[in-house]
>>> print(open('start34.tsv').read())   # TSV, C-alpha atoms
chain	number	residue	atom	x	y	z
L	19	LEU	CA	0.00	0.00	0.00
L	20	THR	CA	2.86	2.37	0.78
L	21	GLU	CA	4.43	1.67	-2.60
L	22	LEU	CA	1.15	2.17	-4.42
L	23	SER	CA	0.17	5.37	-2.63
L	24	SER	CA	3.63	6.93	-3.04
L	25	GLY	CA	3.55	6.15	-6.75
L	26	PHE	CA	0.42	8.24	-7.21
L	27	THR	CA	1.01	10.99	-4.63
L	28	GLU	CA	4.67	11.99	-4.79
L	29	ALA	CA	5.40	15.27	-6.53
L	30	GLY	CA	6.90	15.00	-10.00
L	31	THR	CA	10.28	16.33	-11.05
L	32	PRO	CA	10.92	18.51	-14.10
L	33	GLU	CA	12.21	15.44	-15.93
L	34	THR	CA	8.87	13.63	-15.58
L	35	ARG	CA	6.98	16.54	-17.19
L	36	GLY	CA	3.83	15.73	-15.29
L	37	HIS	CA	4.16	11.94	-15.68
L	38	ARG	CA	5.40	9.20	-13.43
L	39	ALA	CA	5.59	5.48	-13.94
L	40	ALA	CA	3.74	3.80	-11.12
L	41	PRO	CA	5.81	0.97	-9.60
L	42	GLY	CA	4.77	-2.56	-10.49
L	43	LEU	CA	3.42	-4.87	-7.81
L	44	SER	CA	5.60	-7.88	-8.60
L	45	SER	CA	5.97	-9.56	-5.22
L	46	GLY	CA	5.47	-13.04	-6.69
L	47	ILE	CA	1.68	-13.20	-6.67
L	48	TYR	CA	0.99	-9.92	-8.49
L	49	PRO	CA	1.81	-9.36	-12.18
L	50	GLN	CA	4.18	-6.61	-13.24
L	51	ILE	CA	2.01	-3.58	-14.04
L	52	SER	CA	3.30	-0.23	-15.24
L	53	ILE	CA	0.97	2.76	-15.49
L	54	ARG	CA	1.87	6.13	-16.92
L	55	VAL	CA	0.67	8.35	-14.08
L	56	GLN	CA	-0.25	11.98	-14.71
L	57	LEU	CA	0.43	13.79	-11.47
L	58	ASP	CA	-1.53	16.82	-12.69
L	59	ALA	CA	-4.49	14.80	-13.97
L	60	GLN	CA	-7.81	16.61	-13.81
L	61	PRO	CA	-11.21	14.96	-13.40
L	62	SER	CA	-13.45	14.59	-16.40
L	63	LEU	CA	-16.84	16.29	-16.48
L	64	SER	CA	-18.57	13.14	-15.24
L	65	GLU	CA	-16.01	12.76	-12.42
L	66	THR	CA	-15.98	16.37	-11.22
L	67	ALA	CA	-18.79	16.13	-8.65
L	68	LEU	CA	-17.26	13.09	-6.95
L	69	TRP	CA	-13.75	14.54	-7.18
L	70	GLU	CA	-14.80	17.77	-5.46
L	71	GLU	CA	-16.64	15.89	-2.71
L	72	VAL	CA	-13.65	13.67	-1.98
L	73	ASN	CA	-11.27	16.60	-2.25
L	74	GLY	CA	-13.09	18.35	0.58
L	75	VAL	CA	-12.65	15.27	2.76
L	76	LEU	CA	-8.95	15.04	1.88
L	77	LEU	CA	-8.42	18.68	2.86
L	78	GLU	CA	-9.99	17.87	6.22
L	79	ALA	CA	-7.71	14.83	6.47
L	80	ARG	CA	-4.66	17.09	6.55
L	81	VAL	CA	-6.05	18.90	9.58
L	82	VAL	CA	-6.85	15.61	11.31
L	83	LEU	CA	-3.31	14.31	10.78
L	84	GLN	CA	-1.86	17.55	12.11
L	85	GLN	CA	-4.05	17.39	15.23
L	86	LEU	CA	-3.19	13.74	15.79
L	87	GLN	CA	0.51	14.45	15.41
L	88	GLU	CA	0.26	17.22	18.02
L	89	TYR	CA	-1.80	15.12	20.46
L	90	ARG	CA	-0.05	15.10	23.84
L	91	GLY	CA	-2.66	13.68	26.20
L	92	ALA	CA	-3.31	14.24	29.90
L	93	GLY	CA	-0.80	11.77	31.29
L	94	ASP	CA	0.38	13.96	34.18
L	95	GLU	CA	-3.13	14.84	35.34
L	96	ILE	CA	-4.28	11.21	35.13
L	97	ARG	CA	-1.24	9.99	37.03
L	98	GLN	CA	-1.89	12.49	39.83
L	99	ALA	CA	-5.57	11.54	39.95
L	100	ILE	CA	-4.70	7.84	40.32
L	101	GLN	CA	-2.20	8.63	43.07
L	102	SER	CA	-4.68	10.84	44.95
L	103	PRO	CA	-8.10	9.22	44.49
L	104	SER	CA	-9.64	11.00	47.50
L	105	VAL	CA	-8.51	14.53	46.61
L	106	GLN	CA	-11.46	16.11	44.82
L	107	GLY	CA	-9.46	18.97	43.34
L	108	VAL	CA	-7.01	16.60	41.69
L	109	GLN	CA	-9.84	14.51	40.28
L	110	GLU	CA	-11.57	17.57	38.84
L	111	LYS	CA	-8.33	18.78	37.27
L	112	ALA	CA	-7.78	15.43	35.54
L	113	TRP	CA	-11.38	15.30	34.34
L	114	SER	CA	-11.18	18.84	32.97
L	115	ALA	CA	-8.04	17.90	31.07
L	116	VAL	CA	-9.40	14.64	29.64
L	117	VAL	CA	-12.87	15.74	28.47
L	118	PRO	CA	-11.73	18.08	25.65
L	119	LEU	CA	-9.18	15.48	24.53
L	120	VAL	CA	-11.86	12.80	24.28
L	121	GLY	CA	-13.96	15.28	22.34
L	122	LYS	CA	-11.10	15.56	19.88
L	123	LEU	CA	-10.85	11.78	19.65
L	124	LYS	CA	-14.54	11.71	18.82
L	125	THR	CA	-13.95	14.12	15.93
L	126	PHE	CA	-11.30	11.71	14.64
L	127	TYR	CA	-13.82	8.87	14.77
L	128	VAL	CA	-16.52	10.92	13.03
L	129	PHE	CA	-14.03	11.84	10.33
L	130	SER	CA	-13.09	8.20	9.82
L	131	GLN	CA	-16.75	7.46	9.07
L	132	LYS	CA	-16.82	10.27	6.53
L	133	LEU	CA	-13.59	9.02	4.96
L	134	GLU	CA	-15.01	5.52	4.70
L	135	GLY	CA	-17.97	6.91	2.79
L	136	SER	CA	-15.65	8.67	0.33
L	137	LEU	CA	-13.63	5.51	-0.11
L	138	ARG	CA	-16.75	3.53	-0.97
L	139	LEU	CA	-17.75	6.09	-3.58
L	140	LEU	CA	-14.30	6.04	-5.19
L	141	LEU	CA	-14.14	2.26	-5.27
L	142	GLY	CA	-17.59	2.14	-6.78
L	143	VAL	CA	-16.30	4.13	-9.74
L	144	LEU	CA	-12.82	2.61	-10.00
L	145	THR	CA	-14.11	-0.97	-9.90
L	146	SER	CA	-17.15	-0.54	-12.13
L	147	SER	CA	-17.63	-3.22	-14.75
L	148	GLY	CA	-16.62	-2.81	-18.37
L	149	SER	CA	-12.89	-2.16	-17.96
L	150	SER	CA	-9.95	-3.89	-16.32
L	151	PRO	CA	-8.45	-2.41	-13.12
L	152	THR	CA	-5.45	-1.21	-15.11
L	153	GLN	CA	-7.69	0.59	-17.61
L	154	GLN	CA	-9.74	2.12	-14.81
L	155	LEU	CA	-6.63	3.53	-13.12
L	156	GLU	CA	-5.28	4.87	-16.41
L	157	GLN	CA	-8.56	6.42	-17.56
L	158	LYS	CA	-9.60	7.88	-14.18
L	159	GLN	CA	-6.29	9.05	-12.82
L	160	ALA	CA	-7.65	12.05	-10.93
L	161	LEU	CA	-9.88	9.72	-8.89
L	162	ALA	CA	-7.15	7.09	-8.65
L	163	ARG	CA	-4.84	9.64	-7.13
L	164	GLN	CA	-7.48	10.54	-4.54
L	165	PHE	CA	-7.78	6.85	-3.73
L	166	ALA	CA	-4.01	6.75	-3.19
L	167	HIS	CA	-4.22	9.81	-0.93
L	168	ILE	CA	-6.79	8.00	1.21
L	169	LEU	CA	-4.47	4.98	1.48
L	170	HIS	CA	-1.62	7.28	2.44
L	171	PHE	CA	-3.76	8.99	5.09
L	172	THR	CA	-4.87	5.65	6.55
L	173	LEU	CA	-1.32	4.35	6.89
L	174	ARG	CA	-0.12	7.58	8.47
L	175	PHE	CA	-3.14	7.83	10.80
L	176	ASP	CA	-2.66	4.25	12.05
L	177	GLU	CA	1.05	4.87	12.57
L	178	LEU	CA	0.45	7.98	14.67
L	179	LYS	CA	-2.34	6.31	16.64
L	180	MET	CA	-0.35	3.17	17.47
L	181	THR	CA	2.80	5.05	18.47
L	182	ASN	CA	1.02	7.42	20.87
L	183	PRO	CA	-0.05	5.56	24.06
L	184	ALA	CA	-1.62	8.74	25.43
L	185	ILE	CA	-4.65	8.21	23.17
L	186	GLN	CA	-5.60	4.87	24.72
L	187	ASN	CA	-4.67	6.03	28.23
L	188	ASP	CA	-6.90	9.11	28.00
L	189	PHE	CA	-9.84	7.16	26.65
L	190	SER	CA	-9.47	4.39	29.25
L	191	TYR	CA	-9.43	6.94	32.08
L	192	TYR	CA	-12.48	8.64	30.58
L	193	ARG	CA	-14.43	5.37	30.47
L	194	ARG	CA	-13.45	4.44	34.03
L	195	THR	CA	-14.47	7.85	35.32
L	196	ILE	CA	-17.80	7.77	33.50
L	197	SER	CA	-18.51	4.35	35.01
L	198	ARG	CA	-17.65	5.64	38.46
L	199	MET	CA	-19.85	8.68	38.00
L	200	ARG	CA	-22.79	6.49	37.08
L	201	ILE	CA	-22.28	4.41	40.20
L	202	ASN	CA	-22.07	7.51	42.36
L	203	ASN	CA	-25.27	8.90	40.82
L	204	LEU	CA	-23.76	12.02	39.34
L	205	ALA	CA	-27.24	13.38	38.69
L	206	ASN	CA	-27.33	14.13	42.43
L	207	PRO	CA	-23.73	14.73	43.55
L	208	ASP	CA	-24.90	15.63	47.06
L	209	LEU	CA	-26.02	12.03	47.64
L	210	PRO	CA	-22.95	9.93	48.62
L	211	ILE	CA	-23.25	6.29	47.60
L	212	GLU	CA	-21.81	5.13	50.94
L	213	ASN	CA	-24.57	6.90	52.90
L	214	THR	CA	-27.18	5.48	50.55
L	215	THR	CA	-25.97	1.95	51.21
L	216	ASP	CA	-25.98	2.55	54.97
L	217	CYS	CA	-29.50	3.92	54.77
L	218	LEU	CA	-30.78	0.87	52.89
L	219	SER	CA	-29.08	-1.58	55.22
L	220	THR	CA	-30.52	0.27	58.23
L	221	MET	CA	-34.00	0.07	56.72
L	222	ALA	CA	-33.52	-3.67	56.22
L	223	SER	CA	-32.54	-4.09	59.86
L	224	VAL	CA	-35.55	-2.10	60.99
L	225	CYS	CA	-37.84	-4.31	58.87
L	226	LYS	CA	-36.33	-7.41	60.45
L	227	VAL	CA	-36.90	-6.10	63.97
L	228	MET	CA	-40.47	-5.11	63.14
L	229	LEU	CA	-41.13	-8.56	61.73
L	230	GLU	CA	-39.75	-10.31	64.80
L	231	THR	CA	-41.64	-8.08	67.23
L	232	PRO	CA	-45.33	-9.15	67.49
L	233	GLU	CA	-46.37	-5.71	68.70
L	234	TYR	CA	-45.04	-4.09	65.52
L	235	ARG	CA	-46.07	-6.87	63.17
L	236	THR	CA	-49.75	-6.56	64.09
L	237	ARG	CA	-49.67	-2.97	62.85
L	238	PHE	CA	-48.96	-4.02	59.25
L	239	ALA	CA	-52.12	-3.42	57.24
L	240	SER	CA	-50.75	-4.91	54.01
L	241	GLU	CA	-49.74	-8.54	53.55
L	242	GLU	CA	-47.18	-7.43	50.95
L	243	THR	CA	-45.38	-5.44	53.64
L	244	VAL	CA	-45.09	-8.58	55.73
L	245	LEU	CA	-43.83	-10.53	52.72
L	246	PHE	CA	-41.20	-7.92	51.98
L	247	CYS	CA	-39.93	-8.16	55.53
L	248	LEU	CA	-39.78	-11.96	55.24
L	249	HIS	CA	-36.63	-11.71	53.15
L	250	GLU	CA	-34.28	-12.90	55.88
L	251	ARG	CA	-36.53	-15.78	56.83
L	252	LEU	CA	-36.90	-16.83	53.22
L	253	HIS	CA	-33.22	-17.63	53.17
L	254	GLN	CA	-33.58	-19.44	56.46
L	255	GLY	CA	-36.10	-21.91	55.01
L	256	ALA	CA	-39.44	-20.19	54.59
L	257	GLU	CA	-41.86	-22.36	52.67
L	258	GLY	CA	-45.26	-22.24	51.04
L	259	SER	CA	-47.11	-19.36	49.43
L	260	ALA	CA	-45.30	-16.80	51.55
L	261	ALA	CA	-41.94	-17.95	50.21
L	262	GLN	CA	-43.27	-17.93	46.63
L	263	GLN	CA	-44.69	-14.41	46.92
L	264	CYS	CA	-41.53	-13.16	48.58
L	265	GLY	CA	-39.58	-14.81	45.79
L	266	GLY	CA	-41.48	-12.66	43.32
L	267	LEU	CA	-40.41	-9.56	45.17
L	268	LEU	CA	-36.81	-10.74	45.08
L	269	ASN	CA	-37.09	-11.36	41.35
L	270	ALA	CA	-38.23	-7.78	40.94
L	271	LEU	CA	-35.02	-6.69	42.61
L	272	ARG	CA	-32.87	-9.14	40.64
L	273	TYR	CA	-34.12	-8.21	37.20
L	274	THR	CA	-34.82	-4.50	37.53
L	275	THR	CA	-31.65	-3.43	39.35
L	276	LYS	CA	-29.47	-1.69	36.79
L	277	HIS	CA	-26.09	-1.96	38.51
L	278	LEU	CA	-26.41	-5.34	40.23
L	279	ASN	CA	-23.53	-6.85	38.24
L	280	ASP	CA	-21.22	-3.84	38.44
L	281	GLU	CA	-17.83	-4.41	40.03
L	282	ALA	CA	-18.54	-1.79	42.67
L	283	THR	CA	-21.70	-3.56	43.89
L	284	SER	CA	-21.27	-5.19	47.28
L	285	LYS	CA	-20.66	-8.95	47.22
L	286	GLN	CA	-23.26	-9.33	49.99
L	287	ILE	CA	-25.91	-7.72	47.81
L	288	LYS	CA	-24.96	-9.89	44.83
L	289	THR	CA	-25.12	-13.04	46.95
L	290	MET	CA	-28.43	-12.01	48.47
L	291	LEU	CA	-30.02	-11.61	45.05
L	292	GLN	CA	-28.52	-14.68	43.40
L	293	PRO	CA	-31.24	-17.04	42.10
L	294	ASN	CA	-31.51	-20.25	44.05
>>> encode(input="start34.tsv", output="structure tokens")
Amino acid sequence: LTELSSGFTEAGTPETRGHRAAPGLSSGIYPQISIRVQLDAQPSLSETALWEEVNGVLLEARVVLQQLQEYRGAGDEIRQAIQSPSVQGVQEKAWSAVVPLVGKLKTFYVFSQKLEGSLRLLLGVLTSSGSSPTQQLEQKQALARQFAHILHFTLRFDELKMTNPAIQNDFSYYRRTISRMRINNLANPDLPIENTTDCLSTMASVCKVMLETPEYRTRFASEETVLFCLHERLHQGAEGSAAQQCGGLLNALRYTTKHLNDEATSKQIKTMLQPN
């Protein structure tokens, strides 16, 4: 691919007078092919609309490559945040540094989708029936050169992406932080998850005491309330219709709890809601 793209994209010298012989692909399985390449080839009237559309994408590709080459990442901020997980100011600084970088990575992804669309359009023309591949490349050299530019961009983009670990590090930190924010219910940052867990466990203990105290139990007007409080006894061998109805309540918890299987969910809660 490098050989092919360079053959169509390198600038000509005065000696070539606007022509260049594209190198043959003779690696043993490909036949020797020589094409007289016109480096200043212009699109025909029927090719102009497609050429202009792809040309706009290729101009954008130069900007994307420049931005990717200048990508430095938020390694220092992430490292400090990992070392000081309980310092809110450090966490906020890292998050503020990572968010715009991830936004830039998203623009790279969106552009890759646009580039893929342009590539499909070019291949649709360059591989249309009626002519051999060699004839297509010779007769539609303006589009062929654009195809080579896309190959060149892809190779360069992949090289820059794979040799810059900051890209993967930034995105991994972003995903971890988003997951943690969901767990901590970011929609209400004044509600600490630890206090929420303590509140729920306290309510469970209160229900157990009320169930075991005849004076309190007689005050329950709803049978469903009694069944809900039977949770502990269900695991101690409750039987009959009470156990079945209580099992339905447990199933409601099992299959409607969004974060039951998250890593941060307590093992006790997971065990409690495991199907028998």
>>> atom_distance(input="start34.tsv", atom1="atom CA of L:Arg138", atom2="atom CA of L:Asp58")
23.4 Å
>>> residues_around(input="start34.tsv", residues="L:Phe189", least_positions_apart="4", cutoff="9 Å", atoms="all atoms listed in the file", output="list in words")
Val116, Leu119, Val120, Leu123, Ala184, Ile185, Arg193 and Arg194 of chain L
>>> closest_residue(input="start34.tsv", among="L:Leu77, L:Val224, L:Tyr191, L:Glu70", to="L:Ile100", atoms="only C-alpha atoms")
L:Tyr191
>>> atom_distance(input="start34.tsv", atom1="atom CA of L:Ala99", atom2="atom CA of L:Trp113")
8.9 Å
>>> closest_residue(input="start34.tsv", among="L:Ala282, L:Leu141, L:Val117, L:Ala160", to="L:Arg198", atoms="all atoms listed in the file")
L:Ala282
>>> closest_residue(input="start34.tsv", among="L:Arg90, L:Arg80, L:Gln292, L:Glu110", to="L:Phe175", atoms="only C-alpha atoms")
L:Arg80
>>> closest_residue(input="start34.tsv", among="L:Leu83, L:Ile168, L:Leu137, L:Ala112", to="L:Arg97", atoms="all atoms listed in the file")
L:Ala112
>>> atom_distance(input="start34.tsv", atom1="atom CA of L:Thr152", atom2="atom CA of L:Gly74")
26.2 Å
>>> residues_around(input="start34.tsv", residues="L:Ala59", least_positions_apart="2", cutoff="8 Å", atoms="all atoms listed in the file", output="number ranges by chain")
L: 56-57, 61, 159-160
>>> residues_near_point(input="start34.tsv", point="(-5.1, 12.6, 41.4)", cutoff="12 Å", atoms="all atoms listed in the file", output="list in words")
Ala92, Gly93, Asp94, Glu95, Ile96, Arg97, Gln98, Ala99, Ile100, Gln101, Ser102, Pro103, Ser104, Val105, Gln106, Gly107, Val108, Gln109, Glu110, Lys111, Ala112, Trp113, Ala115 and Tyr191 of chain L
>>> closest_residue(input="start34.tsv", among="L:Val143, L:Leu161, L:Asp176, L:Ala79", to="L:Phe129", atoms="only C-alpha atoms")
L:Ala79
>>> closest_residue(input="start34.tsv", among="L:Leu63, L:Ile196, L:Leu173, L:Val82", to="L:Tyr127", atoms="all atoms listed in the file")
L:Val82
>>> residues_around(input="start34.tsv", residues="L:Leu76", least_positions_apart="6", cutoff="9 Å", atoms="only C-alpha atoms", output="JSON list (two decimals) with C-alpha atoms, in the coordinates of the input")
[["chain", "number", "residue", "atom", "x", "y", "z"],
["L", 133, "LEU", "CA", -13.59, 9.02, 4.96],
["L", 164, "GLN", "CA", -7.48, 10.54, -4.54],
["L", 167, "HIS", "CA", -4.22, 9.81, -0.93],
["L", 168, "ILE", "CA", -6.79, 8.00, 1.21],
["L", 171, "PHE", "CA", -3.76, 8.99, 5.09]]
